[in-house]
Amino acid sequence: MPDSQPQPHLPSNSSNPSGGLLLCGARLTDGRTVDVRLGGGRIEAVGTAGSLAQGPARAGAQRVDLTGYLLLPAPAEPHAHGDTALSAERPGPASCDPEDVQRRATEATLLQLGHGATAVRAHVRVGDVQGLGALNAVLQARRTLRGLAELTAVAMPRLLTGVAGADGLAMLRDAAKMGAAAVGGCPDLDPDPTGYVEAVLEVAAEHGLPVDLHTDAADPARLSRLAAMAGGLRPGVTIGPCAGLTRLPAEAASRAADQLAAAGVTVVCLPQGGCGGTDRRGTAPVRLLRAAGVRTAAGSGALRDVSNPVGRGDPLEAAYLLASAHGLRPEDAYDAVSATARATLGLPRVRVEAGFPAELLAVRGDHLPGALSLAYSRIVIHRARVVARTSAVREYCNSAAVSEPGLPRQGRGEVS
């Protein structure tokens, strides 16, 4: 099995070839086997297998043999916690020392990049003890990772209302000026949740930023007010993980879903577990939300912090759980971590067609259900470059059975 630790250095073959990149023999979800030529950060051409490889090679073009791999649009991570990630092994609360935060945020993003997520939205606390230090550290990690992955930050103050919230509101405005890509927080933790949402929406409107709020969504009246306030706001409002919707009576949950759909609010569920500041029990009712027309994405939540010490940050695992435990078709489950997750982050759509961004994930497998079931070997492409590789080999040995004729030494194919 692969080592899940992010590597400090990328493989030498990840450099950007001047002549672009040619992916040979990749299988698509529609069953076709194709060659794909990449360049300038985009997909330049898609042709039948062998058609692009047989033509005159562009000078300096790098070829990658994807025989046995399924080629997919790359996932995106819409709900990470860059300031607390990878902190579970140390006693006490996560360190807010900027140098430590930057190191952990960088390592966490590389880990998620290795899983396939070429874009990550990290929720970062501002105010209180950490001030703007943690946000500045994550923004520094963003600069360090430029060209490898897109890391953006959501500023999250604890309080925004009353006298106690005045500092948080000022800090939120400063965070927007510093470079936070979205504003948000946890209205459930404020004495005045509605006032908290109003304050966040006001700052978002001032700076033209999207809103991303943590809420358990267990109070139908409060959720109704949020939907009413969020309706029509551009560039949009996202809430999550909304596990409380599952505990509401069916009629109330259905009505809330209709209100969110009418307001254009996106819901990000966390099938791998919750995160600090919200109730960890359960997952949002994704089938109900989708049936109501709510744009529903899936994220990872806590990544080995005190909220989830075993969090993996793997979008394919999130898709697997949506399909396995929540009854979504594999195609819809993967859409929740790829196309819908990218839309949540305001990123352009990706298809394996000429003209689309070259944000791709190649997974060892013949079809999508198999890839979600056993997706160990992966090749990640960001801006038309190979930026991460994970290879896993499974061997069967130490048994008399291996000497029997016709039994392979490995599982199906050479790599799982």
# chains A, B, ... in the order shown; residues from 1 in each chain; ligands from 1
>>> residues_around(residues="Glu331 of chain A", least_positions_apart="5", cutoff="12 Å", atoms="only C-alpha atoms", output="mmCIF file with N, CA and C atoms, in the first residue's frame")
data_model
loop_
_atom_site.group_PDB
_atom_site.id
_atom_site.type_symbol
_atom_site.label_atom_id
_atom_site.label_comp_id
_atom_site.auth_asym_id
_atom_site.auth_seq_id
_atom_site.Cartn_x
_atom_site.Cartn_y
_atom_site.Cartn_z
ATOM 1 N N THR A 29 -14.582 7.459 -18.945
ATOM 2 C CA THR A 29 -15.728 6.824 -18.292
ATOM 3 C C THR A 29 -16.768 6.325 -19.291
ATOM 4 N N ASP A 30 -16.733 6.844 -20.532
ATOM 5 C CA ASP A 30 -17.673 6.345 -21.533
ATOM 6 C C ASP A 30 -17.161 5.102 -22.242
ATOM 7 N N LEU A 72 -9.916 11.045 -15.360
ATOM 8 C CA LEU A 72 -11.059 11.772 -14.810
ATOM 9 C C LEU A 72 -10.724 13.253 -14.629
ATOM 10 N N PRO A 73 -11.732 14.117 -14.612
ATOM 11 C CA PRO A 73 -11.490 15.484 -14.134
ATOM 12 C C PRO A 73 -10.987 15.420 -12.696
ATOM 13 N N LEU A 316 -11.658 10.739 -3.102
ATOM 14 C CA LEU A 316 -12.219 9.503 -3.639
ATOM 15 C C LEU A 316 -12.859 8.671 -2.540
ATOM 16 N N ALA A 319 -16.257 10.212 -2.110
ATOM 17 C CA ALA A 319 -17.155 9.745 -3.172
ATOM 18 C C ALA A 319 -17.569 8.294 -2.927
ATOM 19 N N TYR A 320 -16.616 7.475 -2.507
ATOM 20 C CA TYR A 320 -16.935 6.071 -2.190
ATOM 21 C C TYR A 320 -18.019 5.983 -1.121
ATOM 22 N N LEU A 322 -20.276 8.255 -0.329
ATOM 23 C CA LEU A 322 -21.553 8.729 -0.858
ATOM 24 C C LEU A 322 -22.243 7.629 -1.661
ATOM 25 N N ALA A 323 -21.446 6.854 -2.399
ATOM 26 C CA ALA A 323 -22.021 5.766 -3.194
ATOM 27 C C ALA A 323 -22.371 4.560 -2.322
ATOM 28 N N ALA A 336 -19.779 15.017 -7.009
ATOM 29 C CA ALA A 336 -19.820 15.810 -5.783
ATOM 30 C C ALA A 336 -18.434 16.248 -5.333
ATOM 31 N N VAL A 337 -17.398 15.484 -5.664
ATOM 32 C CA VAL A 337 -16.034 15.842 -5.254
ATOM 33 C C VAL A 337 -15.230 16.440 -6.409
ATOM 34 N N SER A 338 -15.816 16.488 -7.596
ATOM 35 C CA SER A 338 -15.082 17.038 -8.741
ATOM 36 C C SER A 338 -15.824 18.233 -9.319
ATOM 37 N N ALA A 339 -16.767 18.039 -10.242
ATOM 38 C CA ALA A 339 -17.419 19.159 -10.913
ATOM 39 C C ALA A 339 -18.133 20.087 -9.928
ATOM 40 N N THR A 340 -18.916 19.516 -9.008
ATOM 41 C CA THR A 340 -19.651 20.365 -8.069
ATOM 42 C C THR A 340 -18.717 21.010 -7.063
ATOM 43 N N HIS A 367 -13.119 1.230 -14.827
ATOM 44 C CA HIS A 367 -14.364 1.977 -14.807
ATOM 45 C C HIS A 367 -14.477 2.686 -13.465
ATOM 46 N N LEU A 368 -15.413 3.624 -13.376
ATOM 47 C CA LEU A 368 -15.511 4.469 -12.187
ATOM 48 C C LEU A 368 -15.853 3.689 -10.918
ATOM 49 N N PRO A 369 -16.815 2.777 -10.919
ATOM 50 C CA PRO A 369 -17.066 2.039 -9.670
ATOM 51 C C PRO A 369 -15.826 1.324 -9.152
ATOM 52 N N GLY A 370 -15.057 0.711 -10.044
ATOM 53 C CA GLY A 370 -13.838 0.045 -9.610
ATOM 54 C C GLY A 370 -12.819 1.019 -9.073
ATOM 55 N N ALA A 371 -12.729 2.203 -9.693
ATOM 56 C CA ALA A 371 -11.778 3.215 -9.227
ATOM 57 C C ALA A 371 -12.141 3.702 -7.828
ATOM 58 N N LEU A 372 -13.431 3.885 -7.554
ATOM 59 C CA LEU A 372 -13.839 4.315 -6.220
ATOM 60 C C LEU A 372 -13.657 3.207 -5.191
#
>>> closest_residue(among="A:Val386, A:Ala175, A:Val265, A:Leu303", to="Ala85 of chain A", atoms="only C-alpha atoms")
A:Leu303
>>> residues_around(residues="Arg351 of chain A", least_positions_apart="4", cutoff="10 Å", atoms="only C-alpha atoms", output="compact mmCIF listing (two decimals) with all heavy atoms, in the first residue's frame")
# COMPACT_ATOMS: atom_id res chain seq x y z
N ILE A 43 -6.33 21.34 -22.17
CA ILE A 43 -6.37 20.17 -23.04
C ILE A 43 -6.40 20.67 -24.48
O ILE A 43 -7.32 21.40 -24.87
CB ILE A 43 -7.62 19.31 -22.73
CG1 ILE A 43 -7.57 18.81 -21.28
CG2 ILE A 43 -7.72 18.14 -23.71
CD1 ILE A 43 -8.85 18.11 -20.83
N LEU A 72 -9.92 11.05 -15.36
CA LEU A 72 -11.06 11.77 -14.81
C LEU A 72 -10.72 13.25 -14.63
O LEU A 72 -9.55 13.61 -14.47
CB LEU A 72 -11.43 11.20 -13.44
CG LEU A 72 -11.76 9.72 -13.35
CD1 LEU A 72 -11.73 9.26 -11.89
CD2 LEU A 72 -13.13 9.46 -13.96
N PRO A 73 -11.73 14.12 -14.61
CA PRO A 73 -11.49 15.48 -14.13
C PRO A 73 -10.99 15.42 -12.70
O PRO A 73 -11.46 14.61 -11.89
CB PRO A 73 -12.87 16.13 -14.21
CG PRO A 73 -13.63 15.32 -15.21
CD PRO A 73 -13.13 13.91 -15.04
N ALA A 74 -10.03 16.25 -12.36
CA ALA A 74 -9.45 16.20 -11.01
C ALA A 74 -10.47 16.62 -9.96
O ALA A 74 -11.31 17.49 -10.20
CB ALA A 74 -8.23 17.11 -10.94
N ALA A 339 -16.77 18.04 -10.24
CA ALA A 339 -17.42 19.16 -10.91
C ALA A 339 -18.13 20.09 -9.93
O ALA A 339 -17.97 21.31 -9.99
CB ALA A 339 -18.40 18.64 -11.96
N GLY A 355 -9.90 22.21 -25.10
CA GLY A 355 -10.27 23.53 -24.64
C GLY A 355 -10.50 23.65 -23.15
O GLY A 355 -10.51 24.76 -22.62
N PHE A 356 -10.69 22.53 -22.47
CA PHE A 356 -10.94 22.58 -21.03
C PHE A 356 -9.64 22.61 -20.24
O PHE A 356 -8.59 22.18 -20.74
CB PHE A 356 -11.80 21.39 -20.60
CG PHE A 356 -13.25 21.54 -20.95
CD1 PHE A 356 -13.72 21.17 -22.20
CD2 PHE A 356 -14.15 22.08 -20.04
CE1 PHE A 356 -15.06 21.31 -22.54
CE2 PHE A 356 -15.49 22.24 -20.36
CZ PHE A 356 -15.94 21.86 -21.61
N PRO A 357 -9.67 23.11 -19.00
CA PRO A 357 -8.46 23.14 -18.18
C PRO A 357 -7.88 21.74 -17.99
O PRO A 357 -8.63 20.77 -17.83
CB PRO A 357 -8.94 23.72 -16.85
CG PRO A 357 -10.16 24.50 -17.19
CD PRO A 357 -10.82 23.75 -18.31
N ALA A 358 -6.55 21.64 -18.00
CA ALA A 358 -5.87 20.36 -17.83
C ALA A 358 -5.69 20.07 -16.35
O ALA A 358 -4.57 20.07 -15.82
CB ALA A 358 -4.54 20.36 -18.57
N GLU A 359 -6.82 19.87 -15.66
CA GLU A 359 -6.85 19.48 -14.24
C GLU A 359 -7.41 18.06 -14.22
O GLU A 359 -8.63 17.86 -14.30
CB GLU A 359 -7.74 20.43 -13.44
CG GLU A 359 -7.33 21.88 -13.52
CD GLU A 359 -6.04 22.17 -12.79
OE1 GLU A 359 -5.84 21.61 -11.69
OE2 GLU A 359 -5.22 22.94 -13.32
N LEU A 360 -6.54 17.07 -14.12
CA LEU A 360 -6.94 15.69 -14.38
C LEU A 360 -6.38 14.75 -13.31
O LEU A 360 -5.36 15.02 -12.68
CB LEU A 360 -6.44 15.25 -15.76
CG LEU A 360 -6.91 16.10 -16.95
CD1 LEU A 360 -6.12 15.73 -18.20
CD2 LEU A 360 -8.41 15.91 -17.17
>>> select_by_dssp(residues="segment 166-375 of chain A", states="strand (DSSP E)", output="short mmCIF file (atom, residue, chain, number, x, y, z; two decimals) with N, CA and C atoms, in the first residue's frame")
data_model
loop_
_atom_site.label_atom_id
_atom_site.label_comp_id
_atom_site.auth_asym_id
_atom_site.auth_seq_id
_atom_site.Cartn_x
_atom_site.Cartn_y
_atom_site.Cartn_z
N ALA A 182 -12.60 33.92 0.71
CA ALA A 182 -14.01 33.87 1.11
C ALA A 182 -14.07 34.24 2.59
N VAL A 183 -15.27 34.61 3.04
CA VAL A 183 -15.48 34.91 4.45
C VAL A 183 -16.55 33.97 4.97
N GLY A 184 -16.44 33.61 6.25
CA GLY A 184 -17.38 32.65 6.80
C GLY A 184 -17.29 32.59 8.30
N GLY A 185 -17.42 31.38 8.83
CA GLY A 185 -17.38 31.19 10.27
C GLY A 185 -18.48 30.26 10.73
N VAL A 211 -19.30 33.53 0.41
CA VAL A 211 -19.50 33.22 1.82
C VAL A 211 -19.49 31.71 2.00
N ASP A 212 -18.83 31.24 3.06
CA ASP A 212 -18.79 29.81 3.36
C ASP A 212 -18.93 29.64 4.87
N LEU A 213 -20.09 29.16 5.30
CA LEU A 213 -20.44 29.10 6.72
C LEU A 213 -20.52 27.67 7.22
N HIS A 214 -20.04 27.46 8.46
CA HIS A 214 -20.22 26.20 9.16
C HIS A 214 -21.55 26.24 9.92
N THR A 215 -22.39 25.26 9.70
CA THR A 215 -23.60 25.14 10.50
C THR A 215 -24.06 23.70 10.51
N VAL A 237 -23.25 31.68 -1.71
CA VAL A 237 -23.19 31.26 -0.31
C VAL A 237 -23.12 29.74 -0.25
N THR A 238 -22.19 29.26 0.55
CA THR A 238 -22.03 27.83 0.80
C THR A 238 -22.18 27.58 2.29
N ILE A 239 -22.85 26.50 2.65
CA ILE A 239 -22.95 26.10 4.05
C ILE A 239 -22.61 24.62 4.17
N GLY A 240 -22.21 24.23 5.36
CA GLY A 240 -21.89 22.83 5.62
C GLY A 240 -21.45 22.67 7.06
N PRO A 241 -21.41 21.46 7.59
CA PRO A 241 -21.73 20.19 6.93
C PRO A 241 -23.21 19.80 6.98
N THR A 266 -25.31 26.55 -1.76
CA THR A 266 -24.62 25.27 -1.93
C THR A 266 -24.40 24.62 -0.57
N VAL A 267 -24.56 23.30 -0.50
CA VAL A 267 -24.27 22.55 0.72
C VAL A 267 -23.07 21.65 0.48
N VAL A 268 -22.10 21.72 1.39
CA VAL A 268 -20.94 20.83 1.36
C VAL A 268 -21.09 19.84 2.52
N CYS A 269 -21.27 18.58 2.19
CA CYS A 269 -21.37 17.55 3.23
C CYS A 269 -19.99 16.95 3.49
N THR A 296 -24.93 20.18 -4.29
CA THR A 296 -24.37 19.48 -3.14
C THR A 296 -23.00 18.92 -3.47
N ALA A 297 -22.00 19.42 -2.78
CA ALA A 297 -20.62 18.96 -2.94
C ALA A 297 -20.22 18.16 -1.70
N ALA A 298 -19.07 17.52 -1.79
CA ALA A 298 -18.56 16.76 -0.64
C ALA A 298 -17.12 17.15 -0.37
N LEU A 360 -6.54 17.07 -14.12
CA LEU A 360 -6.94 15.69 -14.38
C LEU A 360 -6.38 14.75 -13.31
N LEU A 361 -7.08 13.62 -13.16
CA LEU A 361 -6.63 12.56 -12.27
C LEU A 361 -6.74 11.24 -13.02
N ALA A 362 -5.62 10.53 -13.11
CA ALA A 362 -5.62 9.18 -13.69
C ALA A 362 -5.55 8.18 -12.55
N VAL A 363 -6.51 7.25 -12.54
CA VAL A 363 -6.62 6.25 -11.48
C VAL A 363 -6.56 4.87 -12.11
N ARG A 364 -5.76 3.98 -11.52
CA ARG A 364 -5.69 2.62 -12.03
C ARG A 364 -7.07 1.97 -11.94
#
>>> closest_residue(among="A:Met156, A:Leu110, A:Ala170, A:Ala88", to="Ala302 of chain A", atoms="only C-alpha atoms")
A:Ala88
>>> atom_distance(atom1="atom CA of Asp188 of chain A", atom2="atom CA of Asn136 of chain A")
25.4 Å
>>> residues_around(residues="Ala176 of chain A", least_positions_apart="5", cutoff="9 Å", atoms="only C-alpha atoms", output="ChimeraX atom specification")
/A:155,171,181-183,203-204,207,209
>>> atom_distance(atom1="atom CA of Asp314 of chain A", atom2="atom CA of Tyr334 of chain A")
12.0 Å
>>> residues_around(residues="Arg158 of chain A", least_positions_apart="3", cutoff="9 Å", atoms="only C-alpha atoms", output="ChimeraX atom specification")
/A:125-128,165,168,185-187,189-190
>>> atom_distance(atom1="atom CA of Pro191 of chain A", atom2="atom CA of Leu245 of chain A")
21.0 Å
>>> closest_residue(among="A:Ala49, A:Val286, A:Ala291, A:Leu21", to="Thr33 of chain A", atoms="only C-alpha atoms")
A:Ala49
>>> closest_residue(among="A:Leu160, A:Ala166, A:Ala76, A:Leu28", to="Arg342 of chain A", atoms="only C-alpha atoms")
A:Ala76
>>> residues_around(residues="Asp219 of chain A", least_positions_apart="6", cutoff="12 Å", atoms="only C-alpha atoms", output="JSON, numbers by chain")
{"A": [187, 188, 193, 194, 225, 226, 242, 243, 244, 245, 246, 247, 248, 249, 252, 253, 256]}
>>> write_last_selection(atoms="N, CA, C and O atoms", output="tab-separated table (two decimals), in the first residue's frame")
chain	number	residue	atom	x	y	z
A	187	PRO	N	-21.87	30.50	12.68
A	187	PRO	CA	-22.92	31.26	13.35
A	187	PRO	C	-23.54	30.52	14.52
A	187	PRO	O	-24.05	31.15	15.45
A	188	ASP	N	-23.51	29.18	14.51
A	188	ASP	CA	-24.10	28.41	15.61
A	188	ASP	C	-23.43	28.70	16.94
A	188	ASP	O	-24.03	28.49	18.00
A	193	PRO	N	-26.97	34.06	16.20
A	193	PRO	CA	-26.59	33.45	14.93
A	193	PRO	C	-27.06	34.23	13.71
A	193	PRO	O	-26.33	34.36	12.72
A	194	THR	N	-28.27	34.80	13.77
A	194	THR	CA	-28.76	35.58	12.63
A	194	THR	C	-27.93	36.83	12.44
A	194	THR	O	-27.58	37.20	11.30
A	225	ARG	N	-34.16	31.61	7.80
A	225	ARG	CA	-33.70	33.00	7.79
A	225	ARG	C	-32.40	33.13	7.00
A	225	ARG	O	-32.19	34.09	6.25
A	226	LEU	N	-31.51	32.15	7.18
A	226	LEU	CA	-30.24	32.18	6.43
A	226	LEU	C	-30.51	32.13	4.92
A	226	LEU	O	-29.91	32.90	4.16
A	242	CYS	N	-24.03	20.56	7.75
A	242	CYS	CA	-25.49	20.39	7.72
A	242	CYS	C	-25.96	18.99	8.11
A	242	CYS	O	-27.00	18.51	7.63
A	243	ALA	N	-25.24	18.33	9.00
A	243	ALA	CA	-25.65	17.00	9.45
A	243	ALA	C	-26.96	17.05	10.21
A	243	ALA	O	-27.70	16.06	10.27
A	244	GLY	N	-27.29	18.19	10.83
A	244	GLY	CA	-28.52	18.31	11.59
A	244	GLY	C	-29.77	18.15	10.75
A	244	GLY	O	-30.84	17.81	11.28
A	245	LEU	N	-29.67	18.39	9.44
A	245	LEU	CA	-30.83	18.19	8.58
A	245	LEU	C	-31.32	16.75	8.64
A	245	LEU	O	-32.52	16.49	8.49
A	246	THR	N	-30.42	15.82	8.84
A	246	THR	CA	-30.78	14.41	8.89
A	246	THR	C	-31.67	14.10	10.10
A	246	THR	O	-32.49	13.18	10.06
A	247	ARG	N	-31.53	14.88	11.17
A	247	ARG	CA	-32.27	14.62	12.40
A	247	ARG	C	-33.61	15.34	12.45
A	247	ARG	O	-34.36	15.17	13.41
A	248	LEU	N	-33.89	16.18	11.44
A	248	LEU	CA	-35.17	16.89	11.42
A	248	LEU	C	-36.28	15.95	10.94
A	248	LEU	O	-36.03	14.99	10.21
A	249	PRO	N	-37.53	16.23	11.33
A	249	PRO	CA	-38.66	15.49	10.73
A	249	PRO	C	-38.62	15.63	9.22
A	249	PRO	O	-38.17	16.65	8.68
A	252	ALA	N	-39.97	18.87	7.65
A	252	ALA	CA	-39.15	20.05	7.91
A	252	ALA	C	-37.86	20.02	7.09
A	252	ALA	O	-37.43	21.05	6.56
A	253	ALA	N	-37.25	18.85	6.98
A	253	ALA	CA	-36.01	18.73	6.18
A	253	ALA	C	-36.30	19.01	4.72
A	253	ALA	O	-35.51	19.69	4.03
A	256	ALA	N	-36.80	22.74	4.24
A	256	ALA	CA	-35.51	23.44	4.31
A	256	ALA	C	-34.71	23.26	3.02
A	256	ALA	O	-34.09	24.20	2.52
